[in-house]
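For reference, query.txt is printed below; it contains compact mmCIF, C-alpha atoms.
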# COMPACT_ATOMS: atom_id res chain seq x y z
CA MET A 1 32.42 45.35 59.12
CA LEU A 2 31.89 41.76 58.05
CA ASP A 3 29.44 39.74 60.07
CA LYS A 4 31.18 36.52 58.97
CA ARG A 5 34.78 35.36 58.89
CA TYR A 6 36.12 33.01 56.23
CA PHE A 7 39.05 30.59 56.37
CA ILE A 8 40.86 27.96 54.39
CA VAL A 9 42.00 25.09 56.58
CA THR A 10 44.31 22.29 55.52
CA ASP A 11 44.05 18.92 57.24
CA LYS A 12 41.33 20.18 59.56
CA THR A 13 41.43 18.81 63.11
CA ALA A 14 38.43 20.68 64.56
CA ASP A 15 35.61 22.87 63.24
CA GLY A 16 35.48 25.24 66.19
CA ASP A 17 32.39 27.37 65.52
CA ALA A 18 33.00 27.34 61.76
CA VAL A 19 31.09 25.44 59.09
CA SER A 20 32.71 24.01 55.98
CA PHE A 21 31.04 25.05 52.73
CA ALA A 22 33.61 23.67 50.27
CA ASN A 23 36.11 20.86 50.62
CA GLY A 24 38.49 18.87 48.53
CA SER A 25 41.76 17.02 48.70
CA LYS A 26 44.95 16.75 46.74
CA ASN A 27 48.10 14.73 47.37
CA SER A 28 46.74 13.44 50.71
CA VAL A 29 46.07 17.00 51.95
CA SER A 30 42.49 17.96 52.74
CA PHE A 31 41.23 21.50 52.21
CA ASP A 32 38.13 23.07 53.78
CA ILE A 33 36.80 26.53 53.12
CA MET A 34 34.89 27.53 56.22
CA LYS A 35 32.81 30.39 57.54
CA MET A 36 31.79 31.46 61.01
CA ASP A 37 30.32 34.38 62.87
CA ARG A 38 32.67 37.20 63.80
CA GLU A 39 33.19 35.80 67.33
CA GLY A 40 33.70 32.20 68.33
CA LEU A 41 36.14 29.31 68.33
CA LEU A 42 38.36 29.21 65.27
CA PRO A 43 38.77 26.05 63.23
CA THR A 44 42.07 24.22 63.65
CA GLY A 45 44.27 22.24 61.28
CA ALA A 46 47.75 22.07 59.80
CA THR A 47 47.25 25.60 58.43
CA VAL A 48 44.44 28.05 59.04
CA ILE A 49 44.40 31.17 56.88
CA GLU A 50 41.74 33.83 57.13
CA TYR A 51 40.48 35.39 53.92
CA ASP A 52 40.34 39.17 53.82
CA THR A 53 36.81 39.12 52.41
CA GLY A 54 33.93 36.77 51.79
CA GLU A 55 34.51 37.39 48.08
CA GLU A 56 38.00 35.87 48.35
CA ALA A 57 36.49 32.76 49.96
CA ARG A 58 33.82 32.57 47.24
CA ILE A 59 36.46 32.81 44.51
CA ALA A 60 38.65 30.16 46.17
CA ALA A 61 35.62 27.85 46.42
CA MET A 62 35.24 28.07 42.61
CA GLY A 63 38.58 26.29 42.13
CA VAL A 64 38.73 22.90 40.46
CA LEU A 65 39.88 21.39 43.74
CA PHE A 66 36.43 22.06 45.20
CA ASN A 67 34.20 21.39 42.20
CA ASP A 68 33.54 18.70 39.63
CA TYR A 69 33.37 20.54 36.34
CA SER A 70 33.50 17.33 34.28
CA GLY A 71 29.89 17.63 33.04
CA VAL A 72 30.27 21.26 32.01
CA SER A 73 31.19 22.32 28.48
CA ASP A 74 34.48 24.16 28.00
CA GLU A 75 32.57 27.36 27.22
CA GLU A 76 30.42 27.08 30.36
CA PHE A 77 33.50 26.31 32.42
CA ALA A 78 35.32 29.39 31.06
CA ILE A 79 32.36 31.56 32.06
CA GLN A 80 32.01 30.01 35.52
CA PHE A 81 35.76 30.08 36.13
CA GLU A 82 36.25 33.70 35.03
CA ALA A 83 36.28 35.10 38.57
CA PHE A 84 39.01 32.62 39.57
CA THR A 85 41.18 33.47 36.56
CA THR A 86 40.58 37.21 37.02
CA ASN A 87 41.70 36.80 40.62
CA ASP A 88 44.84 34.98 39.40
CA LYS A 89 45.59 37.88 37.05
CA ASN A 90 45.24 40.35 39.95
CA LEU A 91 47.47 38.22 42.18
CA GLY A 92 50.03 37.99 39.37
CA ARG A 93 50.00 41.79 39.12
CA LEU A 94 50.61 42.09 42.87
CA LEU A 95 53.48 39.62 42.69
CA ARG A 96 55.03 41.58 39.81
CA GLN A 97 54.68 44.77 41.85
CA SER A 98 56.56 43.18 44.75
CA VAL A 99 59.39 42.24 42.35
CA ASN A 100 59.43 45.85 41.11
CA ALA A 101 59.54 47.12 44.69
CA TRP A 102 62.44 44.79 45.49
CA SER A 103 64.24 46.04 42.39
CA ALA A 104 63.69 49.69 43.32
CA LYS A 105 65.12 49.10 46.80
CA ASN A 106 67.95 46.70 45.99
CA ALA A 107 68.94 47.01 42.33
CA GLY A 108 68.87 50.77 41.80
CA GLY A 109 72.63 51.08 42.12
CA TRP A 110 73.50 48.09 39.97
CA PRO A 111 75.63 48.63 36.89
CA ASP A 112 73.88 48.06 33.57
CA SER A 113 75.64 44.74 33.12
CA TYR A 114 73.97 43.38 36.29
CA HIS A 115 70.55 44.32 34.95
CA SER A 116 71.38 42.67 31.63
CA ALA A 117 72.46 39.49 33.43
CA VAL A 118 69.59 39.26 35.92
CA TRP A 119 66.29 40.49 34.50
CA PRO A 120 66.12 38.28 31.40
CA LEU A 121 66.02 35.30 33.81
CA TYR A 122 62.69 36.60 35.13
CA ASP A 123 61.12 37.59 31.78
CA GLY A 124 59.27 34.30 31.25
CA MET A 125 57.85 34.36 34.75
CA GLU A 126 56.83 38.03 34.42
CA GLN A 127 55.04 37.36 31.13
CA ARG A 128 53.09 34.47 32.62
CA LEU A 129 52.19 36.59 35.64
CA SER A 130 50.93 39.30 33.28
CA ASP A 131 48.73 36.68 31.64
CA GLY A 132 47.40 35.51 35.02
CA ALA A 133 48.96 32.07 34.43
CA LEU A 134 50.27 31.51 37.95
CA VAL A 135 51.17 27.83 37.71
CA PRO A 136 53.23 28.26 34.51
CA ALA A 137 54.82 31.36 36.09
CA TYR A 138 55.73 29.29 39.15
CA ILE A 139 57.18 26.49 37.01
CA ASN A 140 59.25 29.07 35.13
CA PHE A 141 60.38 30.61 38.44
CA LEU A 142 61.68 27.24 39.66
CA SER A 143 64.32 27.29 36.91
CA ILE A 144 65.81 30.62 38.05
CA PRO A 145 69.15 30.13 39.84
CA SER A 146 69.98 31.66 43.22
CA SER A 147 72.92 33.51 41.69
CA VAL A 148 74.22 34.48 38.27
CA ASN A 149 77.56 35.71 37.01
CA ASP A 150 77.80 39.15 35.50
CA PRO A 151 79.56 38.52 32.17
CA VAL A 152 81.25 41.95 32.25
CA THR A 153 82.56 42.18 35.82
CA THR A 154 82.46 38.40 36.55
CA ASP A 155 80.83 39.29 39.86
CA ASP A 156 78.49 36.72 41.36
CA ILE A 157 75.06 38.37 41.67
CA ASP A 158 73.15 36.89 44.60
CA LEU A 159 69.44 36.46 43.84
CA THR A 160 68.59 34.57 47.02
CA ALA A 161 66.62 37.41 48.65
CA LEU A 162 64.62 38.14 45.50
CA ASN A 163 63.88 34.47 44.92
CA ALA A 164 62.84 34.04 48.57
CA LEU A 165 60.40 36.96 48.20
CA ILE A 166 58.93 35.45 45.03
CA LEU A 167 58.71 31.94 46.50
CA SER A 168 56.98 33.27 49.61
CA SER A 169 54.48 35.14 47.44
CA PHE A 170 53.72 32.04 45.35
CA ASN A 171 53.34 29.91 48.49
CA ASN A 172 50.93 32.43 50.01
CA ILE A 173 48.84 32.52 46.83
CA PHE A 174 48.72 28.73 46.40
CA THR A 175 47.86 28.21 50.07
CA LYS A 176 45.03 30.72 49.98
CA PHE A 177 43.77 29.70 46.52
CA PRO A 178 44.73 26.02 46.09
CA ARG A 179 44.51 24.38 42.72

What is this file in structure tokens?
Amino acid sequence: MLDKRYFIVTDKTADGDAVSFANGSKNSVSFDIMKMDREGLLPTGATVIEYDTGEEARIAAMGVLFNDYSGVSDEEFAIQFEAFTTNDKNLGRLLRQSVNAWSAKNAGGWPDSYHSAVWPLYDGMEQRLSDGALVPAYINFLSIPSSVNDPVTTDDIDLTALNALILSSFNNIFTKFPR
């Protein structure tokens, strides 16, 4: 059992019994990574998300949003930032697994032509997720339409549910590990 709890709080309104150990801001949104004892008053803000482990909080605190790496050489930065990028690669793998799970549940009965029409749209995103490049994967994802026509049957294939799952996953990642 952890003796501490860790949170990321956007636009903090009160500390509660927590203490901020990393903070930064981007686009007029403030971010605080906070820790507190197991019991006590929680911090408050626009969003308050609890990390699963202290290690997650430590990795999030390594992000460029919370640190000035300007005086560090590129090589030193790569070494210091390795845990953050390794975490991104793991998160990308989990996101890819959720897409695979969606496919197993929802696309198993599709005709081959549906698969040929749909999955190439996601190839660029999947490759970037495999590389741990979450922001480029997200940018690629934004170009994927909510539906596509099957060129064989001319059916409209609705991708809204899959895209909603992916968008939710990206939002959860970027909220917990801002960049």

Can you pull out every residue within 10 Å of Val29 (chain A), counting all atoms listed in the file, but drop anything in the same chain fewer than 4 positions away, and send it as a short mmCIF file (atom, residue, chain, number, x, y, z; two decimals) with C-alpha atoms, in the coordinates of the input?
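Once written, selection-v6.cif looks like this:
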data_model
loop_
_atom_site.label_atom_id
_atom_site.label_comp_id
_atom_site.auth_asym_id
_atom_site.auth_seq_id
_atom_site.Cartn_x
_atom_site.Cartn_y
_atom_site.Cartn_z
CA THR A 10 44.31 22.29 55.52
CA ASP A 11 44.05 18.92 57.24
CA LYS A 12 41.33 20.18 59.56
CA GLY A 24 38.49 18.87 48.53
CA SER A 25 41.76 17.02 48.70
CA ALA A 46 47.75 22.07 59.80
#

- Query: With distances taken over only C-alpha atoms, which of A:Gly54, A:Val19, A:Ser28, A:Tyr122 is nearest to Leu41 (chain A)?
  - Reply: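 Under the stated criterion, the closest residue is A:Val19.
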
Please determine, counting only C-alpha atoms, which residue among A:Ile139, A:Leu159, A:Ala61, A:Ala18 has the shortest atom-to-atom distance to Pro178 (chain A).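 Using only C-alpha atoms, Pro178 (chain A) sits closest to A:Ala61.
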
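Counting all atoms listed in the file and comparing A:Tyr69, A:Tyr114, A:Phe31, A:Trp119, the residue that lies closest to Thr154 (chain A) is A:Tyr114.
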
Gln127 (chain A) proximity check over A:Arg58, A:Arg38, A:Lys26, A:Arg93, using only C-alpha atoms: winner is A:Arg93

inquiry  = Please determine, counting all atoms listed in the file, which residue among A:Ile8, A:Val64, A:Leu95, A:Ala117 has the shortest atom-to-atom distance to Asp52 (chain A).
reply    =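 Smallest distance to Asp52 (chain A) is found for A:Ile8.
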
What is the CA of Met62 (chain A)-CA of Val48 (chain A) distance in Å, reported with one decimal?
->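 Interatomic distance, CA of Met62 (chain A) to CA of Val48 (chain A): 18.8 Å.
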
Neighbours of Glu56 (chain A) within 12 Å (only C-alpha atoms; same-chain residues fewer than 2 positions away dropped), as a ChimeraX atom specification? /A:5-8,33-35,49-54,58-63,83-84,86-88,90-91,173,176-177

- Which of these residues is nearest to Ser130 (chain A), using only C-alpha atoms: A:Gly40, A:Gly16, A:Pro111, A:Gly92?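 Of A:Gly40, A:Gly16, A:Pro111, A:Gly92, the one nearest Ser130 (chain A), counting only C-alpha atoms, is A:Gly92.
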